[in-house]
Structure formats: C-alpha cells, structure tokens
Amino acid sequence: MQISVEQEFNGARAEEQRINRAYKHADLSDYSFRDRMLIRAADLVFYFLIKLIGLTARFEVIGWENHDKAEQNGGLPIYVFWHDRIFLTTYWWRNRRIVVMTSRSFDGEYIARFIRRFGYGAVRGSSTRGGVGAIIEMARLMRAGCTAAFTIDGPKGPPYLAKMGAVLLAKKTGHPIMPVTMALARYWKAPSWDSFQIPKPFTRANIYVANPIYVPADADENVLAAKRDELQLALDELNKLGDQWRKSA
C-alpha cells in the first residue's frame, strides 16, 4: 500500500512538472546575450502584433457542430491547420490550453514564447528533429487533459502537404483529429516558403471546421497512410470553401 501511494504521488508530481514545463517560458541561458535579446524582442513584437490585428478582425465560424462531435464522450481535439494561416489562427483559438509542437531552433524558441502568452503550451520538436519524442510528450499531456495542435505542413513544407504527426498522436491517444482552417478576406503575403498570410487590419475571417477523424489504436502502416490521405482531403476541401468565400467576399 505504501509503495502504491508513493508511486501515485510521484506520478502526479511528474505530471504537474510536465504541464508546467509546457506552459512556462524556457530558460534562455544556453543562448548568447544577443540571441536572448532577439528572442525576447521577437516574442513581444509578434504577441502584440497578433493581438492588435486580432482585436480588429471580424470572425465567423462554419461547421462548429463538427467540433461538438469531437468533444463528445470526453474527446480532446487534435487540431490541424496549415502553416500559412497561423497568424490569426493563433489569436482565435487562444486560451484553450492547446499544446503545440514547435521546432528545436532559434525561431521555435520565440514562437514558443509568444504562443504561451496566448494560453498555449509548447513541446519542442518537428518532423526533422525530435519529432517522435515530442509526440510522446504530447500524448502524455493529452492524458493529463490538454488538447493538441499541429501546423501539419510545417515547419518547412512542402506547403499544403499533410504530414503524419497528428495521425500518430490520434492512434496513440484515441482522440480525434480536428481539421480546421481560416480564410481571410484581406491579407498580405510574406516572401516565405509558404507565402505566409499576414492579415490586414479589420479583415473578415472565416473559420472552417471539418468532421473529426478517428484513428484505430491497432492501425497498421496502410491504415495510417489512409488516414493521412483522409486528413489531406479534408483540409483540401476546407481550402476550397475558403477560396470560394474569399472570391465572393
């Protein structure tokens, strides 16, 4: 009995530490003084820019009943969206304690900091570095009650090509994948690999939510590939809806 109580206590303490690590700013002591200043500056600039433009935007949601489906019976959505839409997506989905995977890089450091200011958690890893460990950590956080999200074609593309991370997390946790996108009526395009969308102030923004996608716990490689294709198709359809709306807006 004593051992059981101690194990339960240690498990609860480890879970608390894991959650705190996801939602608190990381130590920057390994960076040079110059890089620490740049990270802090980028953190604050992006936070205030996203917040200010977000406050002026006019949002409309299409398909929220699909989100309700995902949350039935205690489901925790695993949100997936395209990298080029994260500016206002970050603002609209704020304060939901969503855990996001950010890359193990200089850019990933300041991104992790400003998204935490919007109420997100951050787990460090990407499709190129530390991805498996990050997915395991996200699964542990989901068991602790956190939702999760992926920029599914990040961090470096190819654009609009869904990767496998969310599918693997859905298999490991039993929670549904929630394909979402945001279409902007007015925006600038950045000269980046994904033509990153920077919303213009006072833009209209539509949030599209697709049906949840479930992945069986015993899914083999063929089933996983089929589920990734299903996710790709769902996100492509959302893009089409957004493009049709924007042309008529």
# chains A, B, ... in the order shown; residues from 1 in each chain; ligands from 1

$ closest_atom_pairs --of "segment 153-232 of chain A" --to "segment 83-93 of chain A" --cutoff "8 Å" --atoms "only C-alpha atoms" --output "CSV"
residue,atom,partner,partner_atom,distance
A:Asp153,CA,A:His83,CA,6.2
A:Gly154,CA,A:His83,CA,5.8
A:Pro155,CA,A:His83,CA,7.5
A:Pro159,CA,A:His83,CA,7.7
A:Thr181,CA,A:Arg85,CA,7.2
A:Met182,CA,A:Arg85,CA,6.3
A:Ala183,CA,A:Arg85,CA,7.8
A:Asp194,CA,A:Asp84,CA,5.7
A:Ser195,CA,A:Asp84,CA,6.5
A:Phe196,CA,A:Asp84,CA,4.3
A:Gln197,CA,A:Asp84,CA,5.6
A:Ile198,CA,A:Phe87,CA,6.6
A:Pro199,CA,A:Leu88,CA,7.3

$ write_last_selection --atoms "all heavy atoms" --output "CSV table (one decimal), in the first residue's frame"
chain,number,residue,atom,x,y,z
A,153,ASP,N,1.8,21.1,-42.2
A,153,ASP,CA,2.8,21.1,-43.2
A,153,ASP,C,4.1,21.8,-42.8
A,153,ASP,O,5.0,22.0,-43.6
A,153,ASP,CB,2.2,21.8,-44.5
A,153,ASP,CG,1.7,23.2,-44.2
A,153,ASP,OD1,1.5,23.5,-43.1
A,153,ASP,OD2,1.5,23.9,-45.2
A,154,GLY,N,4.2,22.1,-41.5
A,154,GLY,CA,5.4,22.8,-41.0
A,154,GLY,C,6.5,21.8,-40.6
A,154,GLY,O,6.2,20.6,-40.6
A,155,PRO,N,7.7,22.3,-40.2
A,155,PRO,CA,8.0,23.7,-40.2
A,155,PRO,C,8.5,24.3,-41.5
A,155,PRO,O,8.6,25.5,-41.7
A,155,PRO,CB,9.1,23.8,-39.1
A,155,PRO,CG,9.8,22.5,-39.3
A,155,PRO,CD,8.7,21.5,-39.6
A,159,PRO,N,4.4,23.1,-48.8
A,159,PRO,CA,3.1,23.7,-48.4
A,159,PRO,C,1.9,22.9,-48.8
A,159,PRO,O,1.9,22.3,-49.8
A,159,PRO,CB,3.1,25.1,-49.1
A,159,PRO,CG,4.0,24.9,-50.2
A,159,PRO,CD,5.1,24.0,-49.8
A,181,THR,N,-9.4,25.3,-40.7
A,181,THR,CA,-8.6,26.3,-41.5
A,181,THR,C,-9.2,27.7,-41.3
A,181,THR,O,-10.4,27.8,-40.7
A,181,THR,CB,-8.5,26.0,-43.0
A,181,THR,OG1,-7.4,26.7,-43.6
A,181,THR,CG2,-9.8,26.3,-43.7
A,182,MET,N,-8.5,28.7,-41.6
A,182,MET,CA,-9.0,30.1,-41.6
A,182,MET,C,-8.8,30.7,-42.9
A,182,MET,O,-7.7,30.7,-43.5
A,182,MET,CB,-8.3,30.9,-40.5
A,182,MET,CG,-8.8,32.3,-40.3
A,182,MET,SD,-8.1,33.2,-38.9
A,182,MET,CE,-8.9,32.3,-37.6
A,183,ALA,N,-9.9,31.3,-43.4
A,183,ALA,CA,-9.8,32.1,-44.7
A,183,ALA,C,-9.9,33.5,-44.4
A,183,ALA,O,-10.8,34.0,-43.6
A,183,ALA,CB,-10.9,31.6,-45.6
A,194,ASP,N,6.0,29.3,-47.6
A,194,ASP,CA,4.5,29.0,-47.6
A,194,ASP,C,3.7,30.2,-48.0
A,194,ASP,O,2.5,30.2,-47.9
A,194,ASP,CB,4.1,28.5,-46.2
A,194,ASP,CG,4.3,29.5,-45.1
A,194,ASP,OD1,5.0,30.5,-45.3
A,194,ASP,OD2,3.8,29.3,-44.0
A,195,SER,N,4.3,31.3,-48.4
A,195,SER,CA,3.6,32.6,-48.7
A,195,SER,C,2.7,32.9,-47.6
A,195,SER,O,1.5,33.2,-47.7
A,195,SER,CB,2.8,32.4,-50.0
A,195,SER,OG,3.6,32.1,-51.1
A,196,PHE,N,3.3,33.0,-46.4
A,196,PHE,CA,2.7,33.3,-45.1
A,196,PHE,C,1.7,34.4,-45.2
A,196,PHE,O,2.0,35.5,-45.7
A,196,PHE,CB,3.7,33.5,-44.1
A,196,PHE,CG,3.2,33.6,-42.7
A,196,PHE,CD1,2.9,32.5,-41.9
A,196,PHE,CD2,2.9,34.9,-42.1
A,196,PHE,CE1,2.5,32.6,-40.6
A,196,PHE,CE2,2.4,34.9,-40.8
A,196,PHE,CZ,2.2,33.8,-40.1
A,197,GLN,N,0.5,34.2,-44.7
A,197,GLN,CA,-0.6,35.2,-44.8
A,197,GLN,C,-0.6,36.1,-43.6
A,197,GLN,O,-0.8,35.7,-42.5
A,197,GLN,CB,-2.0,34.5,-44.9
A,197,GLN,CG,-2.1,33.7,-46.2
A,197,GLN,CD,-3.5,33.1,-46.3
A,197,GLN,OE1,-4.4,33.3,-45.6
A,197,GLN,NE2,-3.6,32.2,-47.3
A,198,ILE,N,-0.4,37.4,-43.8
A,198,ILE,CA,-0.4,38.4,-42.8
A,198,ILE,C,-1.7,39.2,-43.0
A,198,ILE,O,-1.9,39.9,-43.9
A,198,ILE,CB,0.8,39.4,-42.9
A,198,ILE,CG1,2.1,38.6,-42.8
A,198,ILE,CG2,0.7,40.4,-41.8
A,198,ILE,CD1,3.3,39.4,-43.1
A,199,PRO,N,-2.7,39.1,-42.0
A,199,PRO,CA,-4.0,39.7,-42.2
A,199,PRO,C,-3.9,41.2,-42.2
A,199,PRO,O,-3.1,41.8,-41.4
A,199,PRO,CB,-4.8,39.1,-41.0
A,199,PRO,CG,-3.8,38.7,-40.0
A,199,PRO,CD,-2.6,38.3,-40.8

$ residues_around --residues "Arg104 of chain A" --least-positions-apart "4" --cutoff "6 Å" --atoms "only C-alpha atoms" --output "ChimeraX atom specification"
/A:108,124-125

$ write_last_selection --atoms "N, CA, C and O atoms" --output "compact mmCIF listing (two decimals), in the first residue's frame"
# COMPACT_ATOMS: atom_id res chain seq x y z
N GLY A 108 11.88 28.59 -33.32
CA GLY A 108 10.98 27.86 -32.45
C GLY A 108 10.95 28.39 -31.04
O GLY A 108 9.93 28.30 -30.35
N ARG A 124 8.78 20.90 -27.72
CA ARG A 124 9.80 21.16 -28.73
C ARG A 124 10.10 19.93 -29.56
O ARG A 124 10.40 18.86 -29.04
N GLY A 125 10.01 20.08 -30.87
CA GLY A 125 10.30 19.01 -31.81
C GLY A 125 9.70 19.36 -33.15
O GLY A 125 8.96 20.34 -33.28

$ residues_around --residues "Ala139 of chain A" --least-positions-apart "5" --cutoff "8 Å" --atoms "only C-alpha atoms" --output "NGL selection string"
:A and (169 or 172-173)

$ write_last_selection --atoms "N, CA and C atoms" --output "compact mmCIF listing (two decimals), in the first residue's frame"
# COMPACT_ATOMS: atom_id res chain seq x y z
N LEU A 169 -0.39 10.71 -33.31
CA LEU A 169 -0.88 11.11 -31.98
C LEU A 169 -2.30 10.62 -31.76
N LYS A 172 -2.16 6.98 -30.87
CA LYS A 172 -1.60 6.75 -29.54
C LYS A 172 -2.56 7.12 -28.43
N THR A 173 -3.42 8.13 -28.66
CA THR A 173 -4.28 8.65 -27.59
C THR A 173 -5.74 8.23 -27.72

$ atom_distance --atom1 "atom CA of Pro216 of chain A" --atom2 "atom CA of Ile78 of chain A"
14.7 Å

$ residues_around --residues "Val100 of chain A" --least-positions-apart "2" --cutoff "7 Å" --atoms "only C-alpha atoms" --output "list in words"
Ile98, Thr102, Gly121, Ala122, Val123, Ala148, Ala149 and Phe150 of chain A

$ write_last_selection --atoms "C-alpha atoms" --output "PDB file, in the first residue's frame"
ATOM      1  CA  ILE A  98      -3.781  23.808 -26.618  1.00  0.00           C
ATOM      2  CA  THR A 102       7.417  24.000 -32.112  1.00  0.00           C
ATOM      3  CA  GLY A 121       1.585  25.103 -24.286  1.00  0.00           C
ATOM      4  CA  ALA A 122       4.663  24.211 -26.326  1.00  0.00           C
ATOM      5  CA  VAL A 123       6.510  20.935 -26.873  1.00  0.00           C
ATOM      6  CA  ALA A 148      -3.090  19.466 -29.004  1.00  0.00           C
ATOM      7  CA  ALA A 149      -2.437  21.103 -32.368  1.00  0.00           C
ATOM      8  CA  PHE A 150      -0.152  20.746 -35.396  1.00  0.00           C
TER       9      PHE A 150
END

$ select_by_dssp --residues "segment 1-231 of chain A" --states "helix (DSSP H, G or I)" --output "count of residues only"
111

$ closest_residue --among "A:Ser248, A:Ser32, A:Asn20, A:Asn206" --to "Gly63 of chain A" --atoms "only C-alpha atoms"
A:Asn206

$ closest_residue --among "A:Trp188, A:Phe59, A:Phe106, A:Phe118" --to "Phe202 of chain A" --atoms "only C-alpha atoms"
A:Phe59

$ select_by_dssp --residues "segment 57-223 of chain A" --states "strand (DSSP E or B)" --output "ChimeraX atom specification"
/A:58-62,78-81,98-102,121-124,147-151,177-184,187-189,197-199,204-209,213

$ closest_residue --among "A:Trp193, A:Val180, A:Asp35, A:Asp68" --to "Asp107 of chain A" --atoms "only C-alpha atoms"
A:Asp35

$ residues_around --residues "Phe114 of chain A" --least-positions-apart "4" --cutoff "9 Å" --atoms "only C-alpha atoms" --output "VMD selection string"
chain A and resid 42 to 47 110 118 120

$ write_last_selection --atoms "C-alpha atoms" --output "mmCIF file, in the first residue's frame"
data_model
loop_
_atom_site.group_PDB
_atom_site.id
_atom_site.type_symbol
_atom_site.label_atom_id
_atom_site.label_comp_id
_atom_site.auth_asym_id
_atom_site.auth_seq_id
_atom_site.Cartn_x
_atom_site.Cartn_y
_atom_site.Cartn_z
ATOM 1 C CA ALA A 42 10.589 38.848 -31.381
ATOM 2 C CA ASP A 43 8.367 37.296 -28.715
ATOM 3 C CA LEU A 44 6.868 40.646 -27.716
ATOM 4 C CA VAL A 45 6.622 42.062 -31.240
ATOM 5 C CA PHE A 46 4.690 39.053 -32.564
ATOM 6 C CA TYR A 47 2.493 38.866 -29.469
ATOM 7 C CA TYR A 110 10.475 32.847 -29.733
ATOM 8 C CA PHE A 118 -1.935 33.409 -25.745
ATOM 9 C CA TYR A 120 -0.897 27.703 -25.420
#

$ atom_distance --atom1 "atom CA of Pro201 of chain A" --atom2 "atom CA of Phe48 of chain A"
13.3 Å

$ atom_distance --atom1 "atom CA of Gln232 of chain A" --atom2 "atom CA of Tyr208 of chain A"
14.7 Å

$ residues_around --residues "Val209 of chain A" --least-positions-apart "4" --cutoff "8 Å" --atoms "only C-alpha atoms" --output "NGL selection string"
:A and (61-64 or 66-67 or 178-181 or 238)

$ closest_residue --among "A:Leu233, A:Ala170, A:Leu184, A:Leu241" --to "Ala219 of chain A" --atoms "only C-alpha atoms"
A:Ala170
